[in-house]
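Peer 1: A single structure is presented below for examination.
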Amino acid sequence: MENKSMAVRRILSGFFLVVGICGMLLFLWIVMTGIYKGKSLLGTTKTVAGKVAEVSEAGAFDAVFHLENCEETFYINRGLQYYGFTLDGLRQLTRGRSVSISYVAQRSAFPAERQSSHINKLVVADSVVFDEMEGIPAYK
């Protein structure tokens with residue numbers, strides 16, 4: 001009887017140790033890939049400039065920007081839901097115009113056929129249209 005309770009204690013101790021380590025790793029991953037003041041904590045915030053070829057919707061209300069001569073796409077997460085953007089409005093504002101897009105460049109363990117990056121700042125003609133860090137959906 002005593003051996004069974006010791007075995008149960010060891011199993012539970014091992015289980016909680018593994019869960020604790022996994023929880024700490026998850027917490028560190030969230031903190032290290034986070035964004036602070038417009039920059040990724042790992043220093044992987046990048047900016048690309050280009051002319052907008054198309055604006056479309058994908059996923060759950062994401063506004064997706066396709067730049068000319070660029071295979072990568074860029075999206076404002078839930079931009080059509082939470083920030084009050086419309087596809088027609090974004091198309092009028094950006095299509096055929098040069099924009100500057102700041103995004104978090106992260107590697108994924110699951111490489112996609114086509115890369116899409118999360119926009120944290122969108123500038124059109126020297127005007128900030130969207131800045132996730134400042135809470136600026138400057139366009140309605």
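By order of appearance in the structure tokens: chains A, B, ..., then residues from 1 within every chain, and ligands from 1 in the order shown.
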With only C-alpha atoms as the counted atoms, please give the residues lying no more than 10 Å from Ala49 (chain A), apart from itself and same-chain residues fewer than 4 positions off, as a list in words.
Peer 2: Leu67, Ser98, Val99, Ser100, Ile101, Ser102, Leu122, Val123 and Val124 of chain A
Peer 1: Hey, can you spit out that residue selection with C-alpha atoms as a compact mmCIF listing (two decimals), in the first residue's frame?
Peer 2:
```txt
# COMPACT_ATOMS: atom_id res chain seq x y z
CA LEU A 67 2.58 44.92 -52.83
CA SER A 98 3.51 53.93 -52.19
CA VAL A 99 3.21 52.79 -48.60
CA SER A 100 5.55 51.99 -45.75
CA ILE A 101 4.66 48.89 -43.73
CA SER A 102 6.31 47.98 -40.43
CA LEU A 122 1.01 51.47 -41.98
CA VAL A 123 2.08 54.82 -43.44
CA VAL A 124 0.65 56.28 -46.65
```
Peer 1: Pick from A:Val48, A:Ile21, A:Leu90, A:Leu28: nearest to Asn120 (chain A), with only C-alpha atoms counted?
Peer 2: A:Val48
Peer 1: With only C-alpha atoms as the atoms that count, which of A:Gly50, A:Gly14, A:Gly89, A:Gly23 lies nearest to Asn69 (chain A)?
Peer 2: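 Looking at the shortest contact to Asn69 (chain A), the residue is A:Gly50.
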Peer 1: Do you have the CA of Phe61 (chain A)-CA of Ile119 (chain A) distance handy?
Peer 2: 14.0 Å
Peer 1: Output as a PDB file with C-alpha atoms, in the first residue's frame all residues of region 47-122 of chain A that backbone DSSP marks as strand (DSSP E or B).
Peer 2:
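Done, and the output landed in states.pdb:
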```
ATOM      1  CA  THR A  47       9.880  47.957 -42.570  1.00  0.00           C
ATOM      2  CA  VAL A  48       9.159  47.517 -46.254  1.00  0.00           C
ATOM      3  CA  ALA A  49       8.142  50.167 -48.764  1.00  0.00           C
ATOM      4  CA  GLY A  50       6.292  49.514 -51.969  1.00  0.00           C
ATOM      5  CA  LYS A  51       3.318  50.245 -54.163  1.00  0.00           C
ATOM      6  CA  VAL A  52       0.034  48.561 -53.204  1.00  0.00           C
ATOM      7  CA  ALA A  53      -1.252  46.249 -55.938  1.00  0.00           C
ATOM      8  CA  GLU A  54      -4.339  44.992 -54.098  1.00  0.00           C
ATOM      9  CA  VAL A  55      -6.144  44.997 -50.758  1.00  0.00           C
ATOM     10  CA  SER A  56      -8.224  41.961 -49.871  1.00  0.00           C
ATOM     11  CA  GLU A  57      -9.865  40.209 -46.941  1.00  0.00           C
ATOM     12  CA  ALA A  58      -8.632  36.938 -45.483  1.00  0.00           C
ATOM     13  CA  ASP A  62      -8.047  40.614 -41.729  1.00  0.00           C
ATOM     14  CA  ALA A  63      -7.166  43.404 -44.182  1.00  0.00           C
ATOM     15  CA  VAL A  64      -4.448  41.974 -46.450  1.00  0.00           C
ATOM     16  CA  PHE A  65      -2.085  44.156 -48.498  1.00  0.00           C
ATOM     17  CA  HIS A  66      -0.380  42.836 -51.640  1.00  0.00           C
ATOM     18  CA  LEU A  67       2.578  44.919 -52.832  1.00  0.00           C
ATOM     19  CA  THR A  73       1.638  39.709 -48.073  1.00  0.00           C
ATOM     20  CA  PHE A  74       0.965  41.863 -45.019  1.00  0.00           C
ATOM     21  CA  TYR A  75      -2.172  42.000 -42.893  1.00  0.00           C
ATOM     22  CA  ILE A  76      -3.854  44.107 -40.224  1.00  0.00           C
ATOM     23  CA  ARG A  95      -4.152  51.116 -54.217  1.00  0.00           C
ATOM     24  CA  SER A  98       3.512  53.933 -52.188  1.00  0.00           C
ATOM     25  CA  VAL A  99       3.209  52.791 -48.597  1.00  0.00           C
ATOM     26  CA  SER A 100       5.553  51.986 -45.749  1.00  0.00           C
ATOM     27  CA  ILE A 101       4.662  48.889 -43.730  1.00  0.00           C
ATOM     28  CA  SER A 102       6.308  47.978 -40.433  1.00  0.00           C
ATOM     29  CA  TYR A 103       5.830  44.352 -39.471  1.00  0.00           C
ATOM     30  CA  VAL A 104       7.185  41.702 -37.153  1.00  0.00           C
ATOM     31  CA  SER A 116       2.067  36.744 -44.620  1.00  0.00           C
ATOM     32  CA  SER A 117       3.266  39.130 -41.915  1.00  0.00           C
ATOM     33  CA  HIS A 118       1.397  41.007 -39.205  1.00  0.00           C
ATOM     34  CA  ILE A 119       1.386  44.795 -39.739  1.00  0.00           C
ATOM     35  CA  ASN A 120       2.014  46.967 -36.710  1.00  0.00           C
ATOM     36  CA  LYS A 121       2.290  50.274 -38.600  1.00  0.00           C
ATOM     37  CA  LEU A 122       1.013  51.472 -41.982  1.00  0.00           C
TER      38      LEU A 122
END
```
Peer 1: Record the distance separating CA of Leu80 (chain A) and CA of Asp131 (chain A), expressed in Å with one decimal.
Peer 2: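 Here the two named atoms are 14.7 Å from each other.
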Peer 1: Mind giving me the straight-line distance from CA of Cys70 (chain A) to CA of Thr45 (chain A) in Å, one decimal?
Peer 2: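 Between CA of Cys70 (chain A) and CA of Thr45 (chain A) the gap is 17.8 Å.
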Peer 1: Give the answer as one residue: which of A:Arg97, A:Phe15, A:Val8, A:Lys46 has the shortest atom-to-atom distance to Asp126 (chain A), using only C-alpha atoms?
Peer 2: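 For Asp126 (chain A), the nearest of the candidates is A:Arg97.
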